[in-house]
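Enquirer: I have a structure I would like to understand better, so I am pasting it below and will then ask my questions one at a time.
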Amino acid sequence: MSNRYTLRRYLTGAVAARTGDEMSGPALMLAGFALAGSTTAASSLLAGITVSAAVGGPLLGAFLDRAVRPGRLLAWALALYATGLGVILAGLARLPFPVTIVIAVATGLLGPALSGGWTAQLPRVATGDRLPRANALDAMTFSAASLAGPALAGGVAVALGASTAVVVSLTLIALALPAACTLPGRPGPARGVRATSVLHDLAAGTRVILGRPALARATLTSVISCVAQGMVTACLPLLGERVLGGAGRGALLLSCAAVSALLATTALARFPRAAAPDAIIWAGALVQSAAWALAVGGHPAALVAAFLLAGIGEGPQLAALFAVRHREAPAHLRGQIFTTGASLKITAFALGAATAGPLASRSLSCSLTLAAITALLAALAFSVIPASGRAPGGLRVSP
């Protein structure tokens, strides 16, 4: 199977799934804003579908690591996630809003499948010296999705309505099912090797994340960066309405970030060993902090420049994070490391969105300032964990 499954097929499926995912967030926010009429309701809907990832991610990763055909499990997760989006959309018009939030929380349990769950399978598609370049190309699928997703969400919402934008997003996720289902499998357990429980695997994965300093500080920095990104995303409907002339246009700002992220990650793909991944993660947080500070003024030109600058920090930071995970994660725990890391980022994003949503309705500048400070804290957090020695929790790590 691995000989027949090409990197191109992997990337095509990843682009479809991740474009649908990137489209679903803004589309749901716009649908919630249109039907409920408030920024708080819109940000609550986004937070609901993302906050539960912290629970779903580790469990999904543990089962992916244990599956002989992880692609089939991944395909089921994608199918259920797309179905959940459809149920949320139907619930917005027919169910009490709190019930719709509960459905969003349940759907969000599967969110890490579209990010970490997929990327964890990359070493079975591209091995050896091909992995660094494939890793950068994989990160580019996120940038491409970030470019196309919000643009599609905003464009379809303006032309056909926010509800149609949600339908298009779940359709794109469904289109990725064949590529997911046929991902290469892994060898079965060797004879004489004692099977471990899911709880044992979960504990082992947690020990690896906390016990390897490079992985711990990369995870911490990226998670705090995602809090800031969630804060900014919660501001998008109001930024569009007050600054750009329409709530749907706020989502288009994410495409500005995606353009620069794609260009920056493309350069990194050509020279994957030009800079240490750890340094890129730290620098990316600093660049994002400067970008959100630039956005505080609220001028249209400054907003566009801010999101372009943010993309320069976000794109390479993501590629570098993947490189650290591939380097540090044991093969038998790779799925869990990736989905746990993704779930922490998704949940951090949700907390940022939930925090900034009510604040944005009172003061957009305060929300954006808070995002800039949070991104700066992400860069400072990188220095909290040393490059070697003891990681948080007192776990000694061998060199």
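Following the order of the structure tokens, chains are lettered A, B, ..., residues in each are numbered from 1, and ligands are numbered from 1.
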Set the distance at 12 Å and use only C-alpha atoms: which residues neighbour Ser289 of chain A once local chain neighbours fewer than 4 positions away are removed? I'd like the list as number ranges by chain.
Expert: A: 224-229, 232, 282-285, 293-296, 306-307, 309-314, 368-380
Enquirer: So which residues touch Leu74 of chain A within 12 Å, counting only C-alpha atoms, skipping near sequence neighbours fewer than 5 positions away, as a ChimeraX atom specification?
Expert: /A:13-14,17,60-61,63-65,67-69,79-81,110-121,173-174,176-185,335,339
Enquirer: Using only C-alpha atoms, can you tell me which of A:Pro213, A:Pro26, A:Pro123, A:Gly32 comes closest to Ser383 of chain A?
Expert: A:Pro213
Enquirer: Find, counting only C-alpha atoms, the residue in A:Gly298, A:Pro150, A:Gly211, A:Gly246 that gets nearest to Val259 of chain A.
Expert: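 Among A:Gly298, A:Pro150, A:Gly211, A:Gly246, it is A:Pro150 that comes nearest to Val259 of chain A.
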Enquirer: Counting only C-alpha atoms, figure out which residue out of A:Val51, A:Pro70, A:Ala42, A:Ser363 gets nearest to Arg242 of chain A.
Expert: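 Checking each of A:Val51, A:Pro70, A:Ala42, A:Ser363 against Arg242 of chain A, counting only C-alpha atoms, the winner is A:Ser363.
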Enquirer: When you look at Leu35 of chain A with a cut-off of 8 Å (counting only C-alpha atoms), what residues show up, excluding the ones that are within fewer than 2 positions of it in the same chain? I need them as a ChimeraX atom specification.
Expert: /A:31-33,37,92-93
Enquirer: With N, CA, C and O atoms kept, could you save the residues just selected as an mmCIF file, in the first residue's frame?
Expert:
data_model
loop_
_atom_site.group_PDB
_atom_site.id
_atom_site.type_symbol
_atom_site.label_atom_id
_atom_site.label_comp_id
_atom_site.auth_asym_id
_atom_site.auth_seq_id
_atom_site.Cartn_x
_atom_site.Cartn_y
_atom_site.Cartn_z
ATOM 1 N N ALA A 31 -22.710 32.313 10.437
ATOM 2 C CA ALA A 31 -24.068 31.785 10.569
ATOM 3 C C ALA A 31 -24.639 32.117 11.946
ATOM 4 O O ALA A 31 -25.801 32.522 12.078
ATOM 5 N N GLY A 32 -23.824 31.944 12.985
ATOM 6 C CA GLY A 32 -24.278 32.282 14.327
ATOM 7 C C GLY A 32 -24.554 33.763 14.474
ATOM 8 O O GLY A 32 -25.525 34.175 15.118
ATOM 9 N N PHE A 33 -23.682 34.591 13.872
ATOM 10 C CA PHE A 33 -23.858 36.045 13.930
ATOM 11 C C PHE A 33 -25.137 36.461 13.201
ATOM 12 O O PHE A 33 -25.882 37.331 13.664
ATOM 13 N N GLY A 37 -27.487 37.133 15.997
ATOM 14 C CA GLY A 37 -27.387 38.588 16.021
ATOM 15 C C GLY A 37 -26.420 39.164 17.018
ATOM 16 O O GLY A 37 -26.514 40.348 17.341
ATOM 17 N N LEU A 92 -29.162 25.454 14.423
ATOM 18 C CA LEU A 92 -29.222 26.911 14.576
ATOM 19 C C LEU A 92 -30.604 27.457 14.261
ATOM 20 O O LEU A 92 -31.035 28.455 14.842
ATOM 21 N N ALA A 93 -31.300 26.830 13.356
ATOM 22 C CA ALA A 93 -32.621 27.320 12.960
ATOM 23 C C ALA A 93 -33.755 26.642 13.715
ATOM 24 O O ALA A 93 -34.871 27.164 13.752
#
Enquirer: For the atom pair atom CA of Leu210 of chain A and atom CA of Ala350 of chain A, what is the interatomic distance in Å to one decimal place?
Expert: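 Rounded to one decimal, the two atoms are 22.4 Å apart.
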Enquirer: Calculated over only C-alpha atoms, which of the candidates A:Phe97, A:Phe382, A:Tyr10, A:Trp292 has the smallest distance to Thr233 of chain A?
Expert: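 Using only C-alpha atoms, the shortest distance to Thr233 of chain A belongs to A:Trp292.
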Enquirer: Pick the closest to Ile385 of chain A from A:Ala234, A:Ile281, A:Ala360, A:Leu215: which is it, counting only C-alpha atoms?
Expert: A:Leu215
Enquirer: Counting only C-alpha atoms, figure out which residue out of A:Ile101, A:Leu262, A:Ala53, A:Val167 gets nearest to Ala82 of chain A.
Expert: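 Among A:Ile101, A:Leu262, A:Ala53, A:Val167, it is A:Val167 that comes nearest to Ala82 of chain A.
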Enquirer: Quick one: residues within 9 Å of Cys235 of chain A, only C-alpha atoms counted, chain neighbours fewer than 6 positions away excluded, as a ChimeraX atom specification?
Expert: /A:39,43,250,353,356-357,360-361,364,367-368
Enquirer: Write the residues you've just listed into a file as a compact mmCIF listing (two decimals), in the first residue's frame, and include N, CA, C and O atoms for each of them.
Expert:
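Listed below is the output, selection10.txt:
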# COMPACT_ATOMS: atom_id res chain seq x y z
N THR A 39 -22.10 39.06 18.62
CA THR A 39 -20.74 38.54 18.56
C THR A 39 -20.52 37.47 19.61
O THR A 39 -19.80 36.49 19.38
N SER A 43 -19.05 33.82 18.76
CA SER A 43 -17.80 33.32 19.33
C SER A 43 -18.04 32.10 20.22
O SER A 43 -17.20 31.21 20.31
N GLY A 250 -14.72 40.45 7.18
CA GLY A 250 -13.73 40.24 8.23
C GLY A 250 -13.00 38.93 8.06
O GLY A 250 -11.79 38.83 8.31
N ALA A 353 -10.87 32.69 21.78
CA ALA A 353 -12.08 33.21 21.14
C ALA A 353 -13.17 33.51 22.17
O ALA A 353 -13.85 34.53 22.09
N ALA A 356 -12.20 36.73 24.11
CA ALA A 356 -12.22 38.00 23.37
C ALA A 356 -13.59 38.35 22.81
O ALA A 356 -13.85 39.52 22.53
N GLY A 357 -14.47 37.35 22.63
CA GLY A 357 -15.77 37.64 22.04
C GLY A 357 -16.56 38.70 22.81
O GLY A 357 -16.92 39.73 22.24
N ALA A 360 -14.65 42.07 22.75
CA ALA A 360 -14.64 42.76 21.46
C ALA A 360 -15.89 43.60 21.26
O ALA A 360 -15.84 44.67 20.63
N SER A 361 -17.02 43.14 21.79
CA SER A 361 -18.25 43.91 21.64
C SER A 361 -18.19 45.23 22.39
O SER A 361 -18.91 46.17 22.06
N LEU A 364 -12.84 46.77 20.59
CA LEU A 364 -12.01 46.00 19.68
C LEU A 364 -10.53 46.22 19.95
O LEU A 364 -9.73 45.29 19.90
N SER A 367 -9.29 44.09 22.83
CA SER A 367 -9.15 42.69 22.47
C SER A 367 -7.89 42.45 21.66
O SER A 367 -7.15 41.47 21.89
N LEU A 368 -7.60 43.33 20.72
CA LEU A 368 -6.41 43.17 19.89
C LEU A 368 -5.13 43.41 20.71
O LEU A 368 -4.12 42.74 20.49
Enquirer: From a backbone DSSP assignment, name each residue in segment 192-317 of chain A labelled alpha helix (DSSP H), as a ChimeraX atom specification.
Expert: /A:198-211,213-234,236-239,247-250,252-270,277-295,300-317
Enquirer: Keeping only C-alpha atoms, write the selected residues to a file as a short mmCIF file (atom, residue, chain, number, x, y, z; two decimals), in the first residue's frame.
Expert:
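Output file selection09.cif follows:
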data_model
loop_
_atom_site.label_atom_id
_atom_site.label_comp_id
_atom_site.auth_asym_id
_atom_site.auth_seq_id
_atom_site.Cartn_x
_atom_site.Cartn_y
_atom_site.Cartn_z
CA VAL A 198 -5.24 2.78 26.11
CA LEU A 199 -4.73 4.42 29.52
CA HIS A 200 -1.12 3.20 29.55
CA ASP A 201 -0.55 4.67 26.09
CA LEU A 202 -2.15 7.97 27.12
CA ALA A 203 0.15 8.17 30.14
CA ALA A 204 3.18 7.32 28.00
CA GLY A 205 2.33 10.04 25.48
CA THR A 206 1.92 12.62 28.22
CA ARG A 207 5.30 11.66 29.69
CA VAL A 208 6.95 12.15 26.31
CA ILE A 209 5.42 15.61 25.79
CA LEU A 210 6.37 16.77 29.29
CA GLY A 211 9.65 14.91 29.50
CA PRO A 213 12.26 19.71 26.73
CA ALA A 214 12.36 20.57 23.02
CA LEU A 215 8.90 19.08 22.54
CA ALA A 216 7.53 20.63 25.74
CA ARG A 217 8.64 24.17 24.96
CA ALA A 218 7.55 23.94 21.31
CA THR A 219 4.13 22.76 22.49
CA LEU A 220 3.83 25.48 25.14
CA THR A 221 4.82 28.29 22.77
CA SER A 222 2.49 27.12 20.00
CA VAL A 223 -0.43 26.69 22.40
CA ILE A 224 -0.11 30.22 23.81
CA SER A 225 0.22 31.57 20.27
CA CYS A 226 -3.09 29.89 19.45
CA VAL A 227 -4.78 31.68 22.36
CA ALA A 228 -3.83 34.97 20.70
CA GLN A 229 -5.03 33.73 17.30
CA GLY A 230 -8.39 32.80 18.80
CA MET A 231 -8.72 36.27 20.30
CA VAL A 232 -8.14 37.89 16.92
CA THR A 233 -10.52 35.53 15.12
CA ALA A 234 -13.33 36.42 17.53
CA LEU A 236 -13.30 39.35 12.75
CA PRO A 237 -17.09 39.87 12.37
CA LEU A 238 -16.92 43.25 14.11
CA LEU A 239 -13.74 44.24 12.28
CA ALA A 247 -19.23 41.27 8.67
CA GLY A 248 -18.41 38.70 5.97
CA ARG A 249 -15.38 40.72 4.86
CA GLY A 250 -13.73 40.24 8.23
CA LEU A 252 -11.18 37.68 4.31
CA LEU A 253 -8.47 39.13 6.57
CA LEU A 254 -7.47 35.56 7.41
CA SER A 255 -6.69 35.06 3.74
CA CYS A 256 -4.17 37.90 3.93
CA ALA A 257 -2.37 36.01 6.69
CA ALA A 258 -2.60 32.81 4.68
CA VAL A 259 -0.99 34.40 1.59
CA SER A 260 2.11 35.47 3.48
CA ALA A 261 2.16 32.20 5.45
CA LEU A 262 2.08 30.22 2.22
CA LEU A 263 4.90 32.26 0.70
CA ALA A 264 7.03 32.02 3.84
CA THR A 265 6.45 28.28 4.16
CA THR A 266 7.21 27.79 0.46
CA ALA A 267 10.61 29.38 1.03
CA LEU A 268 11.13 27.09 4.02
CA ALA A 269 10.19 24.06 1.88
CA ARG A 270 12.95 24.92 -0.58
CA PRO A 277 12.98 24.56 13.94
CA ASP A 278 13.22 25.56 17.61
CA ALA A 279 14.41 29.06 16.72
CA ILE A 280 11.66 29.46 14.13
CA ILE A 281 8.98 28.63 16.69
CA TRP A 282 10.25 31.35 19.05
CA ALA A 283 10.66 33.95 16.30
CA GLY A 284 7.22 33.19 14.92
CA ALA A 285 5.59 34.12 18.23
CA LEU A 286 7.43 37.46 18.29
CA VAL A 287 6.34 38.29 14.74
CA GLN A 288 2.71 37.51 15.58
CA SER A 289 2.87 39.76 18.64
CA ALA A 290 4.11 42.65 16.49
CA ALA A 291 1.34 41.96 13.96
CA TRP A 292 -1.50 42.10 16.46
CA ALA A 293 -0.03 45.28 17.97
CA LEU A 294 -0.12 46.82 14.50
CA ALA A 295 -3.79 45.89 14.14
CA PRO A 300 -8.03 49.24 6.96
CA ALA A 301 -4.51 49.42 5.55
CA ALA A 302 -2.98 48.68 8.97
CA LEU A 303 -5.27 45.67 9.38
CA VAL A 304 -4.21 44.20 6.04
CA ALA A 305 -0.53 44.80 6.87
CA ALA A 306 -0.99 43.23 10.30
CA PHE A 307 -2.49 40.03 8.95
CA LEU A 308 0.17 39.80 6.25
CA LEU A 309 2.84 40.11 8.95
CA ALA A 310 1.09 37.56 11.16
CA GLY A 311 1.21 35.00 8.36
CA ILE A 312 4.98 35.36 8.11
CA GLY A 313 5.13 34.26 11.73
CA GLU A 314 2.41 31.60 11.64
CA GLY A 315 3.37 29.59 8.54
CA PRO A 316 7.02 28.79 9.35
CA GLN A 317 6.15 28.34 13.02
#
